[in-house]
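**Q** Got a structure for you, work.csv, holding CSV, C-alpha atoms.
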chain,number,residue,atom,x,y,z
X,1,MET,CA,0.0,0.0,0.0
X,2,GLY,CA,2.9,2.4,-0.6
X,3,GLY,CA,2.9,5.3,-2.9
X,4,ALA,CA,4.5,5.1,-6.3
X,5,SER,CA,6.8,2.1,-6.8
X,6,GLY,CA,10.5,2.2,-7.3
X,7,LYS,CA,13.5,2.6,-5.1
X,8,SER,CA,14.6,6.0,-6.4
X,9,GLY,CA,14.4,7.2,-2.8
X,10,HIS,CA,13.5,10.7,-4.0
X,11,ARG,CA,9.8,11.5,-4.3
X,12,VAL,CA,7.3,14.4,-4.3
X,13,TRP,CA,3.7,14.0,-3.2
X,14,ARG,CA,2.0,17.1,-4.7
X,15,ASN,CA,-1.5,18.5,-5.2
X,16,ALA,CA,-2.3,17.5,-1.6
X,17,ARG,CA,-3.7,19.0,1.5
X,18,LEU,CA,-1.5,18.6,4.5
X,19,ALA,CA,-2.2,18.2,8.2
X,20,THR,CA,1.4,18.7,9.2
X,21,MET,CA,0.7,18.5,13.0
X,22,ALA,CA,3.7,20.7,13.4
X,23,GLU,CA,4.3,21.9,17.0
X,24,GLY,CA,3.2,25.5,17.5
X,25,ALA,CA,1.2,25.6,14.3
X,26,ALA,CA,-2.5,26.6,14.6
X,27,GLY,CA,-4.8,23.6,14.8
X,28,LEU,CA,-3.6,20.7,12.7
X,29,GLY,CA,-1.0,22.8,10.8
X,30,ILE,CA,-3.1,22.7,7.7
X,31,VAL,CA,-1.5,23.5,4.3
X,32,GLU,CA,-3.9,23.7,1.3
X,33,ASN,CA,-2.2,23.0,-2.0
X,34,GLY,CA,0.7,21.4,-0.3
X,35,ALA,CA,3.6,19.1,-1.2
X,36,VAL,CA,5.8,16.7,0.7
X,37,VAL,CA,9.3,15.9,-0.7
X,38,ALA,CA,11.2,12.8,0.6
X,39,ARG,CA,14.8,11.8,-0.1
X,40,ASP,CA,16.4,8.6,1.3
X,41,GLY,CA,13.5,8.0,3.7
X,42,LEU,CA,13.5,11.5,5.2
X,43,ILE,CA,11.2,14.5,4.6
X,44,VAL,CA,13.2,17.3,3.0
X,45,TYR,CA,10.2,19.6,2.5
X,46,ALA,CA,6.6,19.8,3.6
X,47,GLY,CA,4.6,22.9,2.9
X,48,PRO,CA,2.9,24.9,0.2
X,49,GLU,CA,3.6,23.5,-3.2
X,50,ALA,CA,4.2,27.1,-4.5
X,51,ASP,CA,7.1,27.6,-2.0
X,52,MET,CA,8.8,24.3,-2.7
X,53,PRO,CA,12.5,24.9,-3.5
X,54,LEU,CA,13.2,24.0,-7.1
X,55,ALA,CA,16.2,21.9,-6.0
X,56,ALA,CA,14.0,19.8,-3.6
X,57,GLY,CA,11.9,18.4,-6.4
X,58,GLN,CA,14.4,18.2,-9.2
X,59,GLY,CA,14.7,14.7,-10.6
X,60,ALA,CA,12.2,13.3,-8.2
X,61,GLU,CA,9.5,10.8,-8.9
X,62,THR,CA,6.2,12.7,-8.6
X,63,VAL,CA,3.0,11.4,-7.2
X,64,ASP,CA,-0.2,13.5,-7.8
X,65,CYS,CA,-2.4,13.2,-4.7
X,66,ALA,CA,-5.4,14.6,-6.6
X,67,GLY,CA,-6.4,16.8,-3.6
X,68,ARG,CA,-6.2,14.1,-1.0
X,69,TRP,CA,-5.2,14.7,2.6
X,70,ILE,CA,-1.8,13.7,3.9
X,71,THR,CA,-1.2,13.3,7.7
X,72,PRO,CA,1.8,11.9,9.4
X,73,GLY,CA,1.8,8.1,9.6
X,74,LEU,CA,-0.2,7.1,12.7
X,75,VAL,CA,1.5,6.0,15.9
X,76,ASP,CA,0.0,3.5,18.3
X,77,CYS,CA,2.0,4.3,21.4
X,78,HIS,CA,0.5,1.7,23.9
X,79,THR,CA,-0.1,-1.9,22.9
X,80,HIS,CA,0.3,-5.4,24.3
X,81,LEU,CA,0.3,-6.8,20.8
X,82,VAL,CA,2.4,-9.9,21.4
X,83,TYR,CA,0.3,-12.6,23.1
X,84,ALA,CA,-1.0,-16.1,22.6
X,85,GLY,CA,-4.6,-17.3,22.5
X,86,ASN,CA,-7.3,-15.0,23.6
X,87,ARG,CA,-9.6,-14.3,26.6
X,88,ALA,CA,-13.1,-14.4,25.1
X,89,ASN,CA,-14.2,-16.7,27.9
X,90,GLU,CA,-13.5,-13.9,30.5
X,91,PHE,CA,-15.5,-11.6,28.3
X,92,GLU,CA,-18.4,-14.0,28.8
X,93,MET,CA,-17.8,-14.1,32.5
X,94,ARG,CA,-17.8,-10.3,32.7
X,95,LEU,CA,-21.0,-10.2,30.7
X,96,ALA,CA,-22.5,-12.5,33.3
X,97,GLY,CA,-21.6,-10.0,36.0
X,98,ALA,CA,-18.0,-10.7,37.2
X,99,THR,CA,-15.8,-7.7,37.8
X,100,TYR,CA,-12.2,-7.3,36.5
X,101,GLU,CA,-10.9,-8.0,40.0
X,102,GLU,CA,-13.1,-11.1,40.4
X,103,VAL,CA,-11.9,-12.5,37.0
X,104,ALA,CA,-8.3,-11.9,38.1
X,105,ARG,CA,-8.8,-13.7,41.4
X,106,ALA,CA,-10.5,-16.7,39.7
X,107,GLY,CA,-7.2,-17.4,37.9
X,108,GLY,CA,-8.3,-15.4,34.8
X,109,GLY,CA,-6.9,-12.1,33.9
X,110,ILE,CA,-3.3,-11.5,33.1
X,111,VAL,CA,-2.2,-14.9,34.5
X,112,SER,CA,-4.2,-16.8,31.9
X,113,SER,CA,-2.3,-15.0,29.2
X,114,VAL,CA,0.9,-15.8,31.0
X,115,LYS,CA,0.1,-19.6,30.7
X,116,SER,CA,-0.6,-19.2,27.0
X,117,LEU,CA,2.5,-17.2,26.3
X,118,ARG,CA,4.8,-19.5,28.2
X,119,ALA,CA,3.5,-22.4,26.2
X,120,ALA,CA,4.0,-20.7,22.8
X,121,SER,CA,7.3,-20.6,20.9
X,122,GLU,CA,8.8,-17.3,19.7
X,123,ASN,CA,7.8,-18.3,16.1
X,124,GLU,CA,4.2,-19.0,17.2
X,125,LEU,CA,4.1,-15.6,19.0
X,126,VAL,CA,5.2,-13.8,15.8
X,127,ALA,CA,2.7,-15.7,13.7
X,128,GLN,CA,-0.2,-15.0,16.0
X,129,THR,CA,0.7,-11.3,16.3
X,130,LEU,CA,1.1,-10.4,12.6
X,131,PRO,CA,-2.6,-10.4,11.8
X,132,ARG,CA,-3.1,-7.8,14.6
X,133,LEU,CA,-0.2,-5.7,13.4
X,134,ASP,CA,-1.6,-6.0,9.8
X,135,ALA,CA,-4.9,-4.5,11.0
X,136,LEU,CA,-3.1,-1.5,12.4
X,137,ILE,CA,-0.9,-1.1,9.3
X,138,ALA,CA,-4.0,-1.2,7.1
X,139,GLU,CA,-5.2,2.0,8.8
X,140,GLY,CA,-2.1,4.0,8.1
X,141,VAL,CA,-0.1,3.1,11.3
X,142,THR,CA,3.7,3.4,10.7
X,143,THR,CA,5.0,3.1,14.3
X,144,VAL,CA,3.8,0.7,17.0
X,145,GLU,CA,4.9,0.3,20.7
X,146,VAL,CA,4.7,-3.3,21.9
X,147,LYS,CA,5.0,-4.3,25.6
X,148,SER,CA,6.0,-7.6,27.1
X,149,GLY,CA,4.3,-8.5,30.4
X,150,TYR,CA,2.8,-11.9,29.8
X,151,GLY,CA,6.1,-13.8,30.4
X,152,LEU,CA,6.8,-12.8,34.0
X,153,ASP,CA,10.1,-14.6,34.2
X,154,ALA,CA,13.4,-13.8,32.5
X,155,ASP,CA,13.2,-16.3,29.7
X,156,ASN,CA,9.6,-15.6,28.7
X,157,GLU,CA,9.9,-11.9,29.0
X,158,LYS,CA,12.9,-12.0,26.7
X,159,LYS,CA,11.1,-14.4,24.3
X,160,SER,CA,8.2,-11.9,24.1
X,161,LEU,CA,10.5,-8.9,23.5
X,162,ARG,CA,12.4,-10.8,20.8
X,163,ALA,CA,9.1,-11.7,19.1
X,164,ALA,CA,8.2,-8.0,19.2
X,165,ARG,CA,11.5,-6.9,17.7
X,166,ARG,CA,11.0,-9.5,14.9
X,167,LEU,CA,7.8,-7.8,13.8
X,168,ALA,CA,9.9,-5.1,12.3
X,169,ASP,CA,11.7,-7.7,10.1
X,170,GLU,CA,8.3,-9.0,8.9
X,171,ARG,CA,6.6,-5.8,8.1
X,172,PRO,CA,7.5,-2.2,6.9
X,173,VAL,CA,6.8,-0.6,10.3
X,174,THR,CA,8.8,0.9,13.2
X,175,ILE,CA,8.5,-1.1,16.4
X,176,ARG,CA,9.4,0.2,19.9
X,177,THR,CA,9.6,-2.4,22.6
X,178,THR,CA,8.8,-1.9,26.3
X,179,CYS,CA,9.6,-4.3,29.1
X,180,LEU,CA,6.5,-4.6,31.3
X,181,ALA,CA,7.8,-7.4,33.6
X,182,ALA,CA,6.1,-5.7,36.6
X,183,HIS,CA,2.7,-6.4,35.1
X,184,ALA,CA,1.2,-9.0,37.4
X,185,LEU,CA,2.3,-11.7,39.9
X,186,PRO,CA,3.1,-15.1,38.3
X,187,PRO,CA,1.7,-18.2,40.0
X,188,GLU,CA,5.2,-19.3,41.2
X,189,ALA,CA,5.6,-16.1,43.2
X,190,LYS,CA,3.0,-17.5,45.7
X,191,GLY,CA,1.7,-14.0,46.5
X,192,ASP,CA,5.1,-12.5,47.4
X,193,LYS,CA,5.1,-9.2,45.5
X,194,ASP,CA,8.3,-7.9,47.0
X,195,ALA,CA,10.3,-11.0,46.1
X,196,PHE,CA,8.9,-10.8,42.5
X,197,ILE,CA,9.9,-7.1,42.3
X,198,ASP,CA,13.4,-8.1,43.4
X,199,LEU,CA,13.4,-10.6,40.5
X,200,VAL,CA,12.3,-7.9,38.0
X,201,ALA,CA,14.9,-5.4,39.2
X,202,ASP,CA,17.8,-7.7,39.9
X,203,THR,CA,17.5,-10.3,37.1
X,204,ILE,CA,14.9,-9.6,34.4
X,205,LEU,CA,15.7,-5.9,33.7
X,206,PRO,CA,19.5,-6.4,33.6
X,207,GLN,CA,19.2,-9.3,31.2
X,208,VAL,CA,16.8,-7.4,29.0
X,209,ALA,CA,19.1,-4.4,28.9
X,210,ALA,CA,22.2,-6.5,28.3
X,211,GLU,CA,20.5,-8.0,25.2
X,212,LYS,CA,19.2,-4.6,24.1
X,213,LEU,CA,15.7,-6.0,23.9
X,214,ALA,CA,13.7,-3.0,25.3
X,215,ASP,CA,13.5,0.7,24.5
X,216,ALA,CA,11.7,1.5,27.8
X,217,VAL,CA,10.4,0.0,31.0
X,218,ASP,CA,6.8,0.0,32.2
X,219,GLY,CA,4.8,-1.3,35.2
X,220,PHE,CA,1.3,-1.7,36.4
X,221,CYS,CA,0.8,0.5,39.5
X,222,GLU,CA,-2.6,-0.6,41.0
X,223,GLY,CA,-4.1,-2.4,44.0
X,224,ILE,CA,-4.4,-5.7,42.0
X,225,ALA,CA,-0.8,-5.2,40.8
X,226,PHE,CA,2.1,-3.3,42.4
X,227,SER,CA,2.4,-0.4,44.9
X,228,PRO,CA,4.1,2.9,44.1
X,229,GLU,CA,6.9,1.9,46.4
X,230,GLN,CA,7.4,-1.4,44.4
X,231,MET,CA,7.3,0.5,41.1
X,232,ALA,CA,9.8,3.0,42.4
X,233,ARG,CA,12.3,0.1,42.9
X,234,VAL,CA,11.7,-1.0,39.3
X,235,PHE,CA,12.2,2.6,38.0
X,236,ASP,CA,15.4,3.1,40.0
X,237,LYS,CA,16.8,0.0,38.3
X,238,ALA,CA,15.6,1.2,34.8
X,239,LYS,CA,17.2,4.5,35.4
X,240,ALA,CA,20.5,2.9,36.4
X,241,LEU,CA,20.4,0.8,33.2
X,242,GLY,CA,19.7,4.0,31.1
X,243,LEU,CA,16.2,3.0,30.1
X,244,PRO,CA,13.3,5.5,30.0
X,245,VAL,CA,10.2,4.7,32.0
X,246,LYS,CA,6.4,4.8,31.5
X,247,LEU,CA,3.6,3.7,33.8
X,248,HIS,CA,0.1,2.1,33.8
X,249,ALA,CA,-1.2,4.6,36.4
X,250,ASP,CA,-4.5,5.4,38.2
X,251,GLN,CA,-6.6,3.1,36.1
X,252,LEU,CA,-8.8,1.5,38.7
X,253,SER,CA,-8.0,3.7,41.7
X,254,ASN,CA,-5.9,6.7,42.7
X,255,LEU,CA,-2.6,5.5,44.0
X,256,HIS,CA,-0.9,8.7,42.8
X,257,GLY,CA,0.7,6.8,39.9
X,258,ALA,CA,0.7,9.9,37.7
X,259,ALA,CA,2.8,11.8,40.3
X,260,LEU,CA,5.1,8.8,40.6
X,261,ALA,CA,5.6,8.7,36.9
X,262,ALA,CA,6.3,12.4,36.8
X,263,ARG,CA,8.8,12.1,39.6
X,264,TYR,CA,10.8,9.8,37.4
X,265,GLY,CA,10.5,11.9,34.3
X,266,ALA,CA,8.4,9.2,32.6
X,267,LEU,CA,7.8,9.5,28.9
X,268,SER,CA,4.1,8.8,29.6
X,269,ALA,CA,1.6,7.8,32.2
X,270,ASP,CA,-1.2,5.7,30.7
X,271,HIS,CA,-5.0,5.1,31.5
X,272,LEU,CA,-5.3,7.8,34.3
X,273,GLU,CA,-9.0,7.6,34.9
X,274,TYR,CA,-8.5,8.3,38.6
X,275,THR,CA,-5.7,10.9,38.3
X,276,ASP,CA,-6.2,14.0,40.5
X,277,GLU,CA,-5.1,17.6,40.0
X,278,GLU,CA,-1.8,17.1,41.8
X,279,GLY,CA,-1.0,14.3,39.4
X,280,ALA,CA,-1.9,16.4,36.4
X,281,ALA,CA,0.2,19.3,37.6
X,282,ALA,CA,3.2,17.1,38.2
X,283,MET,CA,2.9,15.5,34.8
X,284,ALA,CA,2.7,18.9,33.1
X,285,LYS,CA,5.9,20.0,35.0
X,286,ALA,CA,7.8,16.9,34.1
X,287,GLY,CA,6.6,16.9,30.4
X,288,THR,CA,5.1,13.4,30.9
X,289,VAL,CA,2.5,12.6,28.2
X,290,ALA,CA,-1.0,11.4,29.3
X,291,THR,CA,-1.8,8.4,27.2
X,292,ILE,CA,-5.6,8.1,26.9
X,293,LEU,CA,-6.9,4.5,26.4
X,294,PRO,CA,-10.6,4.5,25.6
X,295,GLY,CA,-10.6,0.9,24.5
X,296,ALA,CA,-10.0,-0.5,28.0
X,297,TYR,CA,-12.4,2.0,29.6
X,298,TYR,CA,-15.1,0.9,27.2
X,299,PHE,CA,-14.4,-2.8,27.4
X,300,ILE,CA,-14.3,-3.1,31.2
X,301,ARG,CA,-17.3,-0.7,31.4
X,302,GLU,CA,-15.5,1.8,33.5
X,303,THR,CA,-17.6,4.8,34.5
X,304,LYS,CA,-14.9,7.3,35.6
X,305,ASN,CA,-13.6,9.4,32.8
X,306,PRO,CA,-10.0,10.4,32.7
X,307,PRO,CA,-9.7,14.1,33.7
X,308,VAL,CA,-9.2,15.5,30.2
X,309,ASP,CA,-10.2,19.0,31.4
X,310,LEU,CA,-7.5,18.9,34.1
X,311,PHE,CA,-4.9,17.8,31.5
X,312,ARG,CA,-6.0,20.7,29.2
X,313,ARG,CA,-5.9,23.2,32.1
X,314,HIS,CA,-2.4,22.2,33.1
X,315,GLY,CA,-1.1,21.9,29.5
X,316,VAL,CA,-0.5,18.1,29.7
X,317,LYS,CA,0.1,16.7,26.3
X,318,MET,CA,-2.4,13.9,25.4
X,319,ALA,CA,-1.7,10.8,23.3
X,320,VAL,CA,-4.4,8.3,22.3
X,321,ALA,CA,-3.7,4.6,21.8
X,322,THR,CA,-5.5,1.3,21.3
X,323,ASP,CA,-4.0,-0.6,24.4
X,324,SER,CA,-4.5,-3.6,22.1
X,325,ASN,CA,-4.5,-6.6,24.5
X,326,PRO,CA,-6.3,-9.9,25.0
X,327,GLY,CA,-8.0,-9.1,28.3
X,328,THR,CA,-9.3,-5.6,28.5
X,329,SER,CA,-8.9,-4.0,25.0
X,330,PRO,CA,-8.9,-6.4,22.1
X,331,LEU,CA,-8.9,-3.4,19.8
X,332,THR,CA,-6.8,-3.2,16.6
X,333,SER,CA,-8.2,0.0,15.1
X,334,LEU,CA,-6.6,3.3,15.9
X,335,LEU,CA,-9.3,5.1,13.8
X,336,LEU,CA,-12.1,3.6,16.0
X,337,THR,CA,-10.0,4.5,19.1
X,338,MET,CA,-10.0,8.2,18.1
X,339,ASN,CA,-13.8,8.1,17.7
X,340,MET,CA,-14.1,6.6,21.2
X,341,ALA,CA,-11.8,9.3,22.7
X,342,ALA,CA,-14.0,11.9,21.2
X,343,THR,CA,-17.3,10.3,22.0
X,344,LEU,CA,-16.6,9.0,25.4
X,345,PHE,CA,-14.2,11.6,26.7
X,346,GLY,CA,-15.1,14.8,24.7
X,347,MET,CA,-11.6,15.1,23.1
X,348,THR,CA,-11.7,17.4,20.1
X,349,VAL,CA,-10.8,16.4,16.5
X,350,ASP,CA,-7.5,18.3,16.8
X,351,GLU,CA,-6.7,16.5,20.1
X,352,CYS,CA,-7.5,13.1,18.7
X,353,LEU,CA,-5.4,13.5,15.6
X,354,ALA,CA,-2.5,15.0,17.5
X,355,GLY,CA,-3.0,12.2,19.9
X,356,VAL,CA,-2.3,9.5,17.3
X,357,THR,CA,0.6,11.4,15.6
X,358,ARG,CA,2.6,14.1,17.3
X,359,GLU,CA,1.8,13.3,20.9
X,360,ALA,CA,2.0,9.5,20.5
X,361,ALA,CA,5.5,10.0,19.0
X,362,ARG,CA,6.3,12.2,22.0
X,363,ALA,CA,5.0,9.4,24.4
X,364,LEU,CA,7.6,7.1,22.8
X,365,GLY,CA,10.5,9.6,22.9
X,366,LEU,CA,10.4,9.6,19.1
X,367,LEU,CA,9.1,13.1,18.3
X,368,ASP,CA,12.5,14.1,16.8
X,369,LYS,CA,12.0,11.2,14.2
X,370,THR,CA,8.3,11.0,13.4
X,371,GLY,CA,4.8,12.2,14.3
X,372,THR,CA,4.7,15.4,12.2
X,373,LEU,CA,5.3,16.4,8.5
X,374,GLU,CA,8.5,18.4,8.9
X,375,ALA,CA,11.9,18.4,7.2
X,376,GLY,CA,14.3,16.1,8.9
X,377,LYS,CA,11.8,13.6,10.1
X,378,SER,CA,11.1,10.1,8.7
X,379,ALA,CA,8.9,10.1,5.6
X,380,ASP,CA,6.1,8.3,7.4
X,381,LEU,CA,2.8,9.4,5.7
X,382,ALA,CA,-0.8,8.4,5.6
X,383,ILE,CA,-2.7,9.6,2.5
X,384,TRP,CA,-6.5,9.7,2.9
X,385,ASP,CA,-9.6,9.8,0.7
X,386,ILE,CA,-11.4,12.3,2.8
X,387,GLU,CA,-12.9,15.8,2.4
X,388,ARG,CA,-11.8,17.0,5.9
X,389,PRO,CA,-9.7,15.6,8.7
X,390,ALA,CA,-12.7,15.4,11.1
X,391,GLU,CA,-13.9,12.3,9.0
X,392,LEU,CA,-11.0,10.3,10.5
X,393,VAL,CA,-12.5,10.8,14.0
X,394,TYR,CA,-16.2,10.9,13.0
X,395,ARG,CA,-16.5,7.6,11.2
X,396,MET,CA,-16.8,4.2,12.9
X,397,GLY,CA,-15.7,1.0,11.2
X,398,PHE,CA,-14.7,2.8,8.0
X,399,ASN,CA,-11.2,3.0,6.7
X,400,PRO,CA,-10.5,5.8,4.1
X,401,LEU,CA,-6.8,5.1,3.7
X,402,HIS,CA,-5.6,5.6,0.2
X,403,ALA,CA,-1.9,4.9,0.7
X,404,ARG,CA,0.6,4.4,3.5
X,405,ILE,CA,4.2,5.5,3.2
X,406,TRP,CA,6.9,4.3,5.6
X,407,ARG,CA,10.4,5.8,5.4
X,408,GLY,CA,9.6,7.1,1.9
X,409,GLN,CA,8.5,3.7,0.5
Now that the file is in, can you turn its structure into structure tokens?
**A**
Amino acid sequence: MGGASGKSGHRVWRNARLATMAEGAAGLGIVENGAVVARDGLIVYAGPEADMPLAAGQGAETVDCAGRWITPGLVDCHTHLVYAGNRANEFEMRLAGATYEEVARAGGGIVSSVKSLRAASENELVAQTLPRLDALIAEGVTTVEVKSGYGLDADNEKKSLRAARRLADERPVTIRTTCLAAHALPPEAKGDKDAFIDLVADTILPQVAAEKLADAVDGFCEGIAFSPEQMARVFDKAKALGLPVKLHADQLSNLHGAALAARYGALSADHLEYTDEEGAAAMAKAGTVATILPGAYYFIRETKNPPVDLFRRHGVKMAVATDSNPGTSPLTSLLLTMNMAATLFGMTVDECLAGVTREAARALGLLDKTGTLEAGKSADLAIWDIERPAELVYRMGFNPLHARIWRGQ
């Protein structure tokens, strides 16, 4: 689904309308009658076609976009894409009235995904994950973050992260991996959370770092998972290993996870339904992105909305992601995710579109490389058959992607 074929590495997409998403530009950074020029996988010009330097387009292969819209390639900055099997049975349990906590205590929840992942080979994990990745790619996604967290011991966490890294060899997409070993307590831990956190900090993270399998470290800070004090121990080790951190925070209760994430300069804090004003202020000060995950909110029938107004008031940047996972958000459509963020949480069209491009790239520490249409960034583009950008947020179950360009191809 690329643009024009060929490996010239030098292309112009002209006669297009651009939503550049450039920082500081008004709204979506719209350019009517725009052009994007890419050379060797990087954007060398994005702006009005009339202002395009002659040298930029000279000798380039030209693609006439016939008035279509170009946005940056979409970025899904929070997924648990690598897993085995599914948890449709728990969905049935919940429909019959069981709560998320009750499902977890009945041996369901994350632990059932742990059993499935441990039983699967690395090759099987890659094979089961590719259809989910393909669904995202088909909607113009060019960058995907993938977390581990269903292995919960050194060998299986590494297997999961290796499978995630391999996705980038199988498909034209940028993959960022995150070690989420502090996700849940494995059965063999026999309820001893502190001993398991020791295993994560002293064994799993150093091995993952030594093999360069993760770009960041994450954890689940929640009553049914780990306390802020336990997460701080994981983050201290991550920092010592030179790995940035992010956090599943304040999803089911307010344990002040957002403030904890901010204290460690986290790239993002994610979920945040129960975050308070103090947490929002701390995130703003630290530059920690709020990743909004409407799929999980919808799927577990949460009723407490994330404090979007607080984030706006304090100037916290907001990303939007699928949280694609087998238990609480089996969602593989970033387009539908935007509609949910708008419909359920009142996010604006501009916020939703920035949330799956510029702010999602920021949440991965990749804003210098992707997320906007600006010179020097990767030529990651999505070209759409739409009349106006609002259609990307307004429609449900409809995909108007015309072409997807990753690194200029």
**Q** Neighbouring residues of X:Arg14 were defined as those with any atom within 8 Å, considering only C-alpha atoms; residues of the same chain fewer than 6 positions away were excluded. Please report them as a list in words.
**A** Asn33, Gly34, Ala35, Val36, Glu49, Thr62, Val63, Asp64 and Cys65 of chain X
**Q** Can you write out as CSV which residues of stretch 154-211 of chain X fall within 12 Å of stretch 96-107 of chain X, alongside each residue's closest atom pair and its distance in Å to one decimal, counting all atoms listed in the file and ordering rows by chain and ascending residue number?
**A**
residue,atom,partner,partner_atom,distance
X:Ala184,CA,X:Ala104,CA,10.0
X:Leu185,CA,X:Ala104,CA,10.8
X:Pro186,CA,X:Gly107,CA,10.6
X:Pro187,CA,X:Gly107,CA,9.2
X:Gly191,CA,X:Arg105,CA,11.7
**Q** Write out as a PyMOL selection string each polymer residue whose atoms come within 12 Å of X:Lys369, counting only C-alpha atoms; drop sequence neighbours fewer than 2 positions from it.
**A** chain X and resi 41-43+72-73+75+142-143+174+357-358+360-362+364-367+371-380+407
**Q** One number please: atom CA of X:Ala258 to atom CA of X:Cys352, in Å, one decimal.
**A**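 According to the coordinates, atom CA of X:Ala258 and atom CA of X:Cys352 are separated by 20.9 Å.
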**Q** Once 5 Å is added on each side, what are the centre and the three edge lengths, in Å to one decimal, of the axis-aligned box enclosing the listed atoms of stretch 285-291 of chain X? Present them as lines of an AutoDock Vina configuration file.
**A**
center_x = 3.0
center_y = 14.2
center_z = 31.1
size_x = 19.6
size_y = 21.6
size_z = 17.8
**Q** Save stretch 127-140 of chain X to a file: N, CA, C and O atoms, as a CSV table (one decimal), in the first residue's frame.
**A**
chain,number,residue,atom,x,y,z
X,127,ALA,N,3.8,-15.3,14.6
X,127,ALA,CA,2.7,-15.7,13.7
X,127,ALA,C,1.3,-15.3,14.2
X,127,ALA,O,0.5,-14.8,13.4
X,128,GLN,N,1.1,-15.4,15.5
X,128,GLN,CA,-0.2,-15.0,16.0
X,128,GLN,C,-0.4,-13.4,16.1
X,128,GLN,O,-1.5,-12.9,16.1
X,129,THR,N,0.8,-12.8,16.2
X,129,THR,CA,0.7,-11.3,16.3
X,129,THR,C,0.6,-10.6,15.0
X,129,THR,O,0.0,-9.5,14.9
X,130,LEU,N,1.1,-11.1,13.9
X,130,LEU,CA,1.1,-10.4,12.6
X,130,LEU,C,-0.3,-10.0,12.2
X,130,LEU,O,-0.4,-8.9,11.6
X,131,PRO,N,-1.3,-10.8,12.3
X,131,PRO,CA,-2.6,-10.4,11.8
X,131,PRO,C,-3.1,-9.1,12.6
X,131,PRO,O,-3.7,-8.2,12.0
X,132,ARG,N,-2.7,-9.0,13.9
X,132,ARG,CA,-3.1,-7.8,14.6
X,132,ARG,C,-2.3,-6.6,14.2
X,132,ARG,O,-2.9,-5.5,14.0
X,133,LEU,N,-1.0,-6.8,13.9
X,133,LEU,CA,-0.2,-5.7,13.4
X,133,LEU,C,-0.7,-5.3,12.0
X,133,LEU,O,-0.8,-4.1,11.7
X,134,ASP,N,-1.1,-6.3,11.2
X,134,ASP,CA,-1.6,-6.0,9.8
X,134,ASP,C,-2.8,-5.1,9.9
X,134,ASP,O,-3.0,-4.2,9.0
X,135,ALA,N,-3.7,-5.3,10.9
X,135,ALA,CA,-4.9,-4.5,11.0
X,135,ALA,C,-4.5,-3.1,11.3
X,135,ALA,O,-5.2,-2.1,10.8
X,136,LEU,N,-3.5,-2.8,12.1
X,136,LEU,CA,-3.1,-1.5,12.4
X,136,LEU,C,-2.5,-0.8,11.2
X,136,LEU,O,-2.8,0.3,10.8
X,137,ILE,N,-1.6,-1.6,10.5
X,137,ILE,CA,-0.9,-1.1,9.3
X,137,ILE,C,-1.9,-0.7,8.2
X,137,ILE,O,-1.7,0.3,7.6
X,138,ALA,N,-3.0,-1.5,8.1
X,138,ALA,CA,-4.0,-1.2,7.1
X,138,ALA,C,-4.7,0.1,7.3
X,138,ALA,O,-5.4,0.6,6.4
X,139,GLU,N,-4.6,0.7,8.5
X,139,GLU,CA,-5.2,2.0,8.8
X,139,GLU,C,-4.2,3.1,8.8
X,139,GLU,O,-4.4,4.2,9.4
X,140,GLY,N,-3.0,2.9,8.3
X,140,GLY,CA,-2.1,4.0,8.1
X,140,GLY,C,-1.1,4.1,9.3
X,140,GLY,O,-0.4,5.1,9.4
